[in-house]
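Colleague: Just one file: coords12.pdb, with PDB, C-alpha atoms, pLDDT in the B column.
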ATOM      1  CA  MET A   1      19.949 -16.019  25.488  1.00 44.00           C
ATOM      2  CA  THR A   2      21.773 -16.458  22.200  1.00 54.00           C
ATOM      3  CA  VAL A   3      19.565 -16.604  19.140  1.00 66.00           C
ATOM      4  CA  ASP A   4      21.125 -17.718  15.861  1.00 77.00           C
ATOM      5  CA  ASP A   5      20.050 -16.683  12.354  1.00 78.00           C
ATOM      6  CA  GLU A   6      18.016 -19.848  11.905  1.00 83.00           C
ATOM      7  CA  ALA A   7      16.048 -19.224  15.110  1.00 87.00           C
ATOM      8  CA  ILE A   8      15.475 -15.601  14.086  1.00 87.00           C
ATOM      9  CA  GLY A   9      14.160 -16.853  10.737  1.00 87.00           C
ATOM     10  CA  ARG A  10      11.690 -19.165  12.472  1.00 90.00           C
ATOM     11  CA  LEU A  11      10.547 -16.370  14.798  1.00 91.00           C
ATOM     12  CA  VAL A  12      10.077 -13.986  11.855  1.00 91.00           C
ATOM     13  CA  ALA A  13       8.064 -16.589   9.922  1.00 90.00           C
ATOM     14  CA  ALA A  14       5.830 -17.206  12.955  1.00 91.00           C
ATOM     15  CA  ALA A  15       5.428 -13.477  13.643  1.00 90.00           C
ATOM     16  CA  LYS A  16       4.431 -12.898  10.008  1.00 89.00           C
ATOM     17  CA  LEU A  17       1.652 -15.438  10.556  1.00 89.00           C
ATOM     18  CA  GLY A  18       0.423 -13.402  13.525  1.00 85.00           C
ATOM     19  CA  ASP A  19       2.096 -15.212  16.434  1.00 87.00           C
ATOM     20  CA  PRO A  20       2.391 -12.545  19.160  1.00 86.00           C
ATOM     21  CA  GLU A  21       4.824 -14.642  21.211  1.00 90.00           C
ATOM     22  CA  ALA A  22       7.210 -14.881  18.261  1.00 89.00           C
ATOM     23  CA  PHE A  23       7.099 -11.114  17.769  1.00 89.00           C
ATOM     24  CA  GLY A  24       7.613 -10.708  21.516  1.00 89.00           C
ATOM     25  CA  ALA A  25      10.736 -12.869  21.318  1.00 91.00           C
ATOM     26  CA  LEU A  26      12.042 -10.723  18.434  1.00 92.00           C
ATOM     27  CA  PHE A  27      11.304  -7.603  20.479  1.00 91.00           C
ATOM     28  CA  ASP A  28      13.170  -9.055  23.486  1.00 91.00           C
ATOM     29  CA  HIS A  29      16.160  -9.962  21.330  1.00 91.00           C
ATOM     30  CA  TYR A  30      16.459  -6.660  19.447  1.00 91.00           C
ATOM     31  CA  TYR A  31      15.112  -3.984  21.805  1.00 91.00           C
ATOM     32  CA  ALA A  32      18.370  -3.244  23.670  1.00 90.00           C
ATOM     33  CA  PRO A  33      20.515  -2.836  20.511  1.00 90.00           C
ATOM     34  CA  VAL A  34      17.808  -0.738  18.825  1.00 91.00           C
ATOM     35  CA  TYR A  35      17.525   1.454  21.906  1.00 91.00           C
ATOM     36  CA  ARG A  36      21.338   1.919  22.098  1.00 89.00           C
ATOM     37  CA  TYR A  37      21.461   2.885  18.423  1.00 89.00           C
ATOM     38  CA  VAL A  38      18.587   5.357  18.732  1.00 89.00           C
ATOM     39  CA  ALA A  39      19.948   6.813  21.989  1.00 87.00           C
ATOM     40  CA  ALA A  40      23.336   7.403  20.373  1.00 84.00           C
ATOM     41  CA  ARG A  41      21.626   9.313  17.572  1.00 84.00           C
ATOM     42  CA  VAL A  42      19.099  11.426  19.506  1.00 83.00           C
ATOM     43  CA  GLY A  43      20.798  11.939  22.862  1.00 74.00           C
ATOM     44  CA  ARG A  44      17.728  12.236  25.119  1.00 77.00           C
ATOM     45  CA  PRO A  45      16.779   8.962  26.871  1.00 82.00           C
ATOM     46  CA  SER A  46      13.053   9.805  26.863  1.00 80.00           C
ATOM     47  CA  ASP A  47      13.131  10.397  23.086  1.00 84.00           C
ATOM     48  CA  ALA A  48      15.165   7.220  22.594  1.00 86.00           C
ATOM     49  CA  GLU A  49      12.611   5.136  24.504  1.00 87.00           C
ATOM     50  CA  ASP A  50       9.722   6.549  22.485  1.00 87.00           C
ATOM     51  CA  LEU A  51      11.531   6.123  19.181  1.00 90.00           C
ATOM     52  CA  ALA A  52      12.690   2.581  19.954  1.00 89.00           C
ATOM     53  CA  GLN A  53       9.075   1.657  20.689  1.00 89.00           C
ATOM     54  CA  LEU A  54       8.031   3.330  17.425  1.00 89.00           C
ATOM     55  CA  VAL A  55      10.566   1.207  15.514  1.00 90.00           C
ATOM     56  CA  PHE A  56       8.839  -1.939  16.757  1.00 89.00           C
ATOM     57  CA  VAL A  57       5.378  -0.570  15.978  1.00 86.00           C
ATOM     58  CA  LYS A  58       6.549   0.143  12.428  1.00 89.00           C
ATOM     59  CA  ALA A  59       8.174  -3.308  12.256  1.00 89.00           C
ATOM     60  CA  LEU A  60       4.919  -4.960  13.319  1.00 87.00           C
ATOM     61  CA  GLU A  61       3.007  -2.981  10.689  1.00 86.00           C
ATOM     62  CA  ALA A  62       5.548  -3.733   7.930  1.00 88.00           C
ATOM     63  CA  LEU A  63       6.285  -7.354   8.888  1.00 88.00           C
ATOM     64  CA  PRO A  64       3.697  -8.856   6.497  1.00 86.00           C
ATOM     65  CA  ARG A  65       5.628  -7.230   3.624  1.00 86.00           C
ATOM     66  CA  TYR A  66       9.087  -8.325   4.857  1.00 85.00           C
ATOM     67  CA  GLU A  67      10.790 -10.829   2.562  1.00 82.00           C
ATOM     68  CA  VAL A  68      14.103 -12.441   3.400  1.00 74.00           C
ATOM     69  CA  ARG A  69      15.819 -12.170  -0.030  1.00 75.00           C
ATOM     70  CA  GLY A  70      19.242 -12.521   1.627  1.00 71.00           C
ATOM     71  CA  VAL A  71      18.613  -9.541   3.900  1.00 70.00           C
ATOM     72  CA  PRO A  72      18.973 -10.400   7.586  1.00 81.00           C
ATOM     73  CA  PHE A  73      16.010  -9.400   9.728  1.00 87.00           C
ATOM     74  CA  GLY A  74      18.300  -7.348  11.993  1.00 87.00           C
ATOM     75  CA  GLY A  75      19.487  -5.264   9.049  1.00 86.00           C
ATOM     76  CA  TRP A  76      15.902  -4.660   7.958  1.00 89.00           C
ATOM     77  CA  LEU A  77      14.921  -3.669  11.498  1.00 91.00           C
ATOM     78  CA  PHE A  78      17.837  -1.242  11.823  1.00 89.00           C
ATOM     79  CA  ARG A  79      16.956   0.324   8.490  1.00 88.00           C
ATOM     80  CA  LEU A  80      13.543   1.045  10.031  1.00 90.00           C
ATOM     81  CA  ALA A  81      15.313   2.447  13.115  1.00 90.00           C
ATOM     82  CA  ARG A  82      17.513   4.635  10.947  1.00 89.00           C
ATOM     83  CA  ASN A  83      14.475   6.001   9.116  1.00 88.00           C
ATOM     84  CA  VAL A  84      12.633   6.675  12.390  1.00 89.00           C
ATOM     85  CA  VAL A  85      15.646   8.632  13.675  1.00 88.00           C
ATOM     86  CA  ILE A  86      15.947  10.611  10.423  1.00 85.00           C
ATOM     87  CA  ASP A  87      12.242  11.482  10.560  1.00 84.00           C
ATOM     88  CA  HIS A  88      12.568  12.523  14.208  1.00 83.00           C
ATOM     89  CA  ILE A  89      15.529  14.784  13.506  1.00 77.00           C
ATOM     90  CA  ARG A  90      13.777  16.356  10.510  1.00 73.00           C
ATOM     91  CA  THR A  91      10.613  17.057  12.463  1.00 69.00           C
ATOM     92  CA  ARG A  92      12.526  18.590  15.347  1.00 66.00           C
ATOM     93  CA  ARG A  93      14.397  20.829  12.895  1.00 47.00           C
ATOM     94  CA  GLU A  94      17.622  20.392  14.739  1.00 40.00           C
ATOM     95  CA  HIS A  95      20.793  18.521  14.147  1.00 39.00           C
ATOM     96  CA  VAL A  96      21.312  16.332  17.195  1.00 38.00           C
ATOM     97  CA  ALA A  97      24.960  15.900  18.082  1.00 40.00           C
ATOM     98  CA  LEU A  98      26.163  12.494  19.156  1.00 40.00           C
ATOM     99  CA  ASP A  99      26.321  12.254  22.918  1.00 39.00           C
ATOM    100  CA  LEU A 100      27.454   9.113  24.628  1.00 37.00           C
ATOM    101  CA  ALA A 101      24.942   8.089  27.250  1.00 39.00           C
ATOM    102  CA  ILE A 102      26.628   5.509  29.415  1.00 41.00           C
ATOM    103  CA  GLU A 103      25.185   4.870  32.829  1.00 43.00           C
ATOM    104  CA  ARG A 104      27.647   3.726  35.454  1.00 41.00           C
ATOM    105  CA  SER A 105      27.042   2.862  39.055  1.00 43.00           C
ATOM    106  CA  THR A 106      27.952   5.868  41.173  1.00 44.00           C
ATOM    107  CA  ASP A 107      27.846   3.884  44.420  1.00 47.00           C
ATOM    108  CA  GLU A 108      31.259   2.294  43.904  1.00 54.00           C
ATOM    109  CA  ALA A 109      33.114   5.097  42.124  1.00 58.00           C
ATOM    110  CA  GLY A 110      34.521   8.095  43.933  1.00 64.00           C
ATOM    111  CA  PRO A 111      34.351  11.686  42.669  1.00 68.00           C
ATOM    112  CA  GLY A 112      37.835  11.481  41.129  1.00 69.00           C
ATOM    113  CA  GLU A 113      36.988   8.326  39.187  1.00 68.00           C
ATOM    114  CA  LEU A 114      33.705   9.826  37.987  1.00 64.00           C
ATOM    115  CA  ALA A 115      35.459  13.009  36.858  1.00 68.00           C
ATOM    116  CA  ALA A 116      38.082  10.961  34.977  1.00 67.00           C
ATOM    117  CA  LEU A 117      35.370   8.833  33.362  1.00 63.00           C
ATOM    118  CA  ARG A 118      33.403  11.935  32.328  1.00 69.00           C
ATOM    119  CA  GLN A 119      36.566  13.452  30.837  1.00 71.00           C
ATOM    120  CA  GLU A 120      37.262  10.265  28.855  1.00 73.00           C
ATOM    121  CA  LEU A 121      33.674  10.116  27.611  1.00 68.00           C
ATOM    122  CA  ASP A 122      33.820  13.781  26.593  1.00 72.00           C
ATOM    123  CA  SER A 123      37.053  13.122  24.677  1.00 74.00           C
ATOM    124  CA  VAL A 124      35.492  10.182  22.836  1.00 73.00           C
ATOM    125  CA  ALA A 125      32.320  12.189  22.083  1.00 75.00           C
ATOM    126  CA  ARG A 126      34.417  15.048  20.649  1.00 80.00           C
ATOM    127  CA  ALA A 127      36.468  12.595  18.582  1.00 79.00           C
ATOM    128  CA  LEU A 128      33.280  11.014  17.221  1.00 79.00           C
ATOM    129  CA  THR A 129      31.991  14.396  16.058  1.00 81.00           C
ATOM    130  CA  ARG A 130      35.098  14.760  13.898  1.00 85.00           C
ATOM    131  CA  LEU A 131      34.246  11.641  11.884  1.00 85.00           C
ATOM    132  CA  THR A 132      32.280  11.875   8.670  1.00 88.00           C
ATOM    133  CA  PRO A 133      28.542  11.257   9.179  1.00 86.00           C
ATOM    134  CA  GLU A 134      28.856   7.876   7.418  1.00 87.00           C
ATOM    135  CA  GLN A 135      31.823   6.808   9.561  1.00 87.00           C
ATOM    136  CA  ARG A 136      29.969   7.846  12.719  1.00 85.00           C
ATOM    137  CA  GLU A 137      26.858   5.932  11.683  1.00 84.00           C
ATOM    138  CA  ALA A 138      28.908   2.821  10.867  1.00 85.00           C
ATOM    139  CA  ILE A 139      30.522   2.988  14.319  1.00 83.00           C
ATOM    140  CA  GLU A 140      27.131   3.514  15.992  1.00 82.00           C
ATOM    141  CA  LEU A 141      25.572   0.549  14.215  1.00 80.00           C
ATOM    142  CA  ARG A 142      28.538  -1.781  14.687  1.00 80.00           C
ATOM    143  CA  PHE A 143      29.492  -0.959  18.268  1.00 76.00           C
ATOM    144  CA  PHE A 144      26.608   0.847  19.983  1.00 76.00           C
ATOM    145  CA  ALA A 145      23.890  -1.310  18.440  1.00 75.00           C
ATOM    146  CA  GLY A 146      26.075  -4.426  18.124  1.00 74.00           C
ATOM    147  CA  LEU A 147      25.161  -5.210  14.518  1.00 76.00           C
ATOM    148  CA  SER A 148      27.240  -7.376  12.229  1.00 78.00           C
ATOM    149  CA  ALA A 149      28.850  -5.685   9.233  1.00 80.00           C
ATOM    150  CA  ARG A 150      26.211  -7.311   7.029  1.00 82.00           C
ATOM    151  CA  GLU A 151      23.333  -5.963   9.156  1.00 81.00           C
ATOM    152  CA  ALA A 152      24.911  -2.499   9.298  1.00 82.00           C
ATOM    153  CA  ALA A 153      25.316  -2.578   5.509  1.00 84.00           C
ATOM    154  CA  GLU A 154      21.628  -3.368   5.098  1.00 81.00           C
ATOM    155  CA  ALA A 155      20.633  -0.629   7.549  1.00 80.00           C
ATOM    156  CA  MET A 156      22.749   1.955   5.711  1.00 84.00           C
ATOM    157  CA  GLY A 157      21.898   0.720   2.219  1.00 84.00           C
ATOM    158  CA  ARG A 158      25.575  -0.011   1.478  1.00 85.00           C
ATOM    159  CA  GLN A 159      27.766  -2.978   0.615  1.00 86.00           C
ATOM    160  CA  GLU A 160      29.313  -4.922   3.491  1.00 83.00           C
ATOM    161  CA  GLY A 161      32.832  -4.091   2.248  1.00 83.00           C
ATOM    162  CA  THR A 162      31.967  -0.392   2.300  1.00 85.00           C
ATOM    163  CA  ILE A 163      30.879  -0.678   5.945  1.00 85.00           C
ATOM    164  CA  ARG A 164      34.109  -2.473   6.850  1.00 83.00           C
ATOM    165  CA  GLY A 165      36.090   0.284   5.110  1.00 85.00           C
ATOM    166  CA  LEU A 166      34.143   3.030   6.901  1.00 85.00           C
ATOM    167  CA  GLN A 167      34.680   1.239  10.202  1.00 83.00           C
ATOM    168  CA  PHE A 168      38.407   0.805   9.581  1.00 82.00           C
ATOM    169  CA  ARG A 169      38.904   4.465   8.646  1.00 85.00           C
ATOM    170  CA  ALA A 170      36.742   5.624  11.559  1.00 84.00           C
ATOM    171  CA  ILE A 171      38.710   3.583  14.086  1.00 81.00           C
ATOM    172  CA  ALA A 172      42.004   4.853  12.643  1.00 82.00           C
ATOM    173  CA  ALA A 173      40.731   8.447  12.860  1.00 83.00           C
ATOM    174  CA  LEU A 174      39.527   7.934  16.435  1.00 80.00           C
ATOM    175  CA  ARG A 175      42.884   6.448  17.438  1.00 79.00           C
ATOM    176  CA  ARG A 176      44.712   9.442  15.964  1.00 83.00           C
ATOM    177  CA  GLU A 177      42.301  11.922  17.550  1.00 82.00           C
ATOM    178  CA  LEU A 178      42.558  10.275  20.972  1.00 76.00           C
ATOM    179  CA  GLY A 179      46.317   9.757  20.735  1.00 77.00           C
ATOM    180  CA  VAL A 180      46.036   5.979  21.081  1.00 70.00           C
ATOM    181  CA  VAL A 181      49.239   4.221  20.049  1.00 60.00           C
ATOM    182  CA  ASP A 182      49.684   0.454  20.156  1.00 56.00           C
ATOM    183  CA  ASP A 183      52.886  -1.572  20.191  1.00 45.00           C
ATOM    184  CA  ALA A 184      52.805  -2.190  16.407  1.00 45.00           C
ATOM    185  CA  ASP A 185      52.516   1.571  15.723  1.00 49.00           C
ATOM    186  CA  GLU A 186      55.383   2.288  18.093  1.00 46.00           C
ATOM    187  CA  LEU A 187      57.549  -0.432  16.517  1.00 43.00           C
ATOM    188  CA  GLY A 188      56.918   1.041  13.064  1.00 46.00           C
ATOM    189  CA  ARG A 189      58.120   4.456  14.210  1.00 47.00           C
ATOM    190  CA  VAL A 190      61.169   3.150  16.045  1.00 47.00           C
ATOM    191  CA  SER A 191      62.315   1.021  13.102  1.00 44.00           C
ATOM    192  CA  GLY A 192      61.679   3.762  10.571  1.00 49.00           C
ATOM    193  CA  GLY A 193      58.408   2.397   9.293  1.00 50.00           C
ATOM    194  CA  HIS A 194      59.681  -1.140   8.565  1.00 47.00           C
ATOM    195  CA  ARG A 195      57.800  -3.971  10.188  1.00 41.00           C
TER     196      ARG A 195
END
What would you get if you wrote out this structure as structure tokens?
Modeller:
Amino acid sequence: MTVDDEAIGRLVAAAKLGDPEAFGALFDHYYAPVYRYVAARVGRPSDAEDLAQLVFVKALEALPRYEVRGVPFGGWLFRLARNVVIDHIRTRREHVALDLAIERSTDEAGPGELAALRQELDSVARALTRLTPEQREAIELRFFAGLSAREAAEAMGRQEGTIRGLQFRAIAALRRELGVVDDADELGRVSGGHR
């Protein structure tokens, strides 16, 4: 189900008035991206489930105070998620490294394919650890959680242009780290840098 900004606005307004079905629809729409974001930050699926639920409890508690003011609801919600993750990491007194948790069906893939997939995922995880914390968070919000640049900017307390810049630099760094070369890069090298 695709929900546009206008529909989200109507659901938020109804939820603020105490409509449990409207809040349920918001939960259904945002739970998977919130969970993916939290899981990318904390690593353990059981912690991610608990923390994602906590984000929605906090959202329900804070919803009466939410005001649109040009801030998309998704950005506000992910700022709550970010704060929940930060609190969790602080209370655990450990710095949780980013670990990609991607579940794939093992029924169809053979051992060789699974080993190759694991190796690729490990390479990407190592490359992500070499990004700055802000670049990594921008990538997590944009691609793991599926937020727009505007929503990611709200979640990180930054300008949208800053998020786009962080994303651009992060992708360039990941490409270099992983040795990914596209046709335009190759053409630039072959022609001496002239395009």
Colleague: Using the chain letters and numbering of this document, enumerate as a ChimeraX atom specification the residues selected by the PyMOL selection byres ((chain A and resi 169) around 12).
Modeller: /A:131-132,134-136,138-139,162-168,170-176
Colleague: Taking 6 positions as the minimum chain separation for residues in the same chain, which residues sit within 10 Å of range 22-26 of chain A when counting all atoms listed in the file? Answer as number ranges by chain.
Modeller: A: 3, 7-8, 10-16, 56, 59-60, 63, 73-74
Colleague: Smallest atom-to-atom distance to Ala127 in chain A: which of A:Gly146, A:Arg69, A:Tyr30, A:Leu178, using all atoms listed in the file?
Modeller: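 So, comparing all the options, the nearest one is A:Leu178.
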Colleague: So that I can check the surroundings of Pro33 in chain A, please list as number ranges by chain every protein, DNA and RNA residue that reaches within 8 Å of it, counting only C-alpha atoms and ignoring chain neighbours fewer than 4 positions away.
Modeller: A: 37, 144-147
Colleague: Could those selected residues go to a file with C-alpha atoms, as a PDB file, keeping the file's coordinate frame?
Modeller:
ATOM      1  CA  TYR A  37      21.461   2.885  18.423  1.00 89.00           C
ATOM      2  CA  PHE A 144      26.608   0.847  19.983  1.00 76.00           C
ATOM      3  CA  ALA A 145      23.890  -1.310  18.440  1.00 75.00           C
ATOM      4  CA  GLY A 146      26.075  -4.426  18.124  1.00 74.00           C
ATOM      5  CA  LEU A 147      25.161  -5.210  14.518  1.00 76.00           C
TER       6      LEU A 147
END
Colleague: Rounded to one decimal in Å, what is the spacing between CA of Val71 in chain A and CA of Ala48 in chain A?
Modeller: 25.3 Å
Colleague: Between CA of Ala152 in chain A and CA of Leu80 in chain A, measure the distance and give it in Å to one decimal.
Modeller: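 Calculated distance between CA of Ala152 in chain A and CA of Leu80 in chain A is 11.9 Å.
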Colleague: Would you pick out the contacts of Met156 in chain A at 10 Å or less, using all atoms listed in the file, so that residues sharing its chain but fewer than 5 positions from it are not included, and give the list as a list in words?
Modeller: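 So the residues in contact are Gly75, Trp76, Phe78, Arg79, Arg82, Asn83, Glu134, Glu137, Ala138, Leu141, Arg150, Glu151 and Ile163 of chain A.
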Colleague: Any idea what the distance is between CA of Ala32 in chain A and CA of Leu17 in chain A?
Modeller: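 It comes out at 24.5 Å.
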Colleague: Could you tell me which of A:Val180, A:Val85, A:Ala62, A:Leu128 comes closest to Asp50 in chain A if we count all atoms listed in the file?
Modeller: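 Between A:Val180, A:Val85, A:Ala62, A:Leu128, the residue approaching Asp50 in chain A most closely is A:Val85.
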Colleague: How would you write, as a list in words, the residues chosen by the PyMOL selection byres ((chain A and resi 55) around 8) on this structure?
Modeller: Leu51, Ala52, Gln53, Leu54, Phe56, Val57, Lys58, Ala59, Leu77, Leu80, Ala81 and Val84 of chain A
Colleague: Taking only C-alpha atoms into account, name the residue in A:Glu49, A:Glu160, A:Glu61, A:Asp19 that is nearest to Tyr31 in chain A.
Modeller: A:Glu49
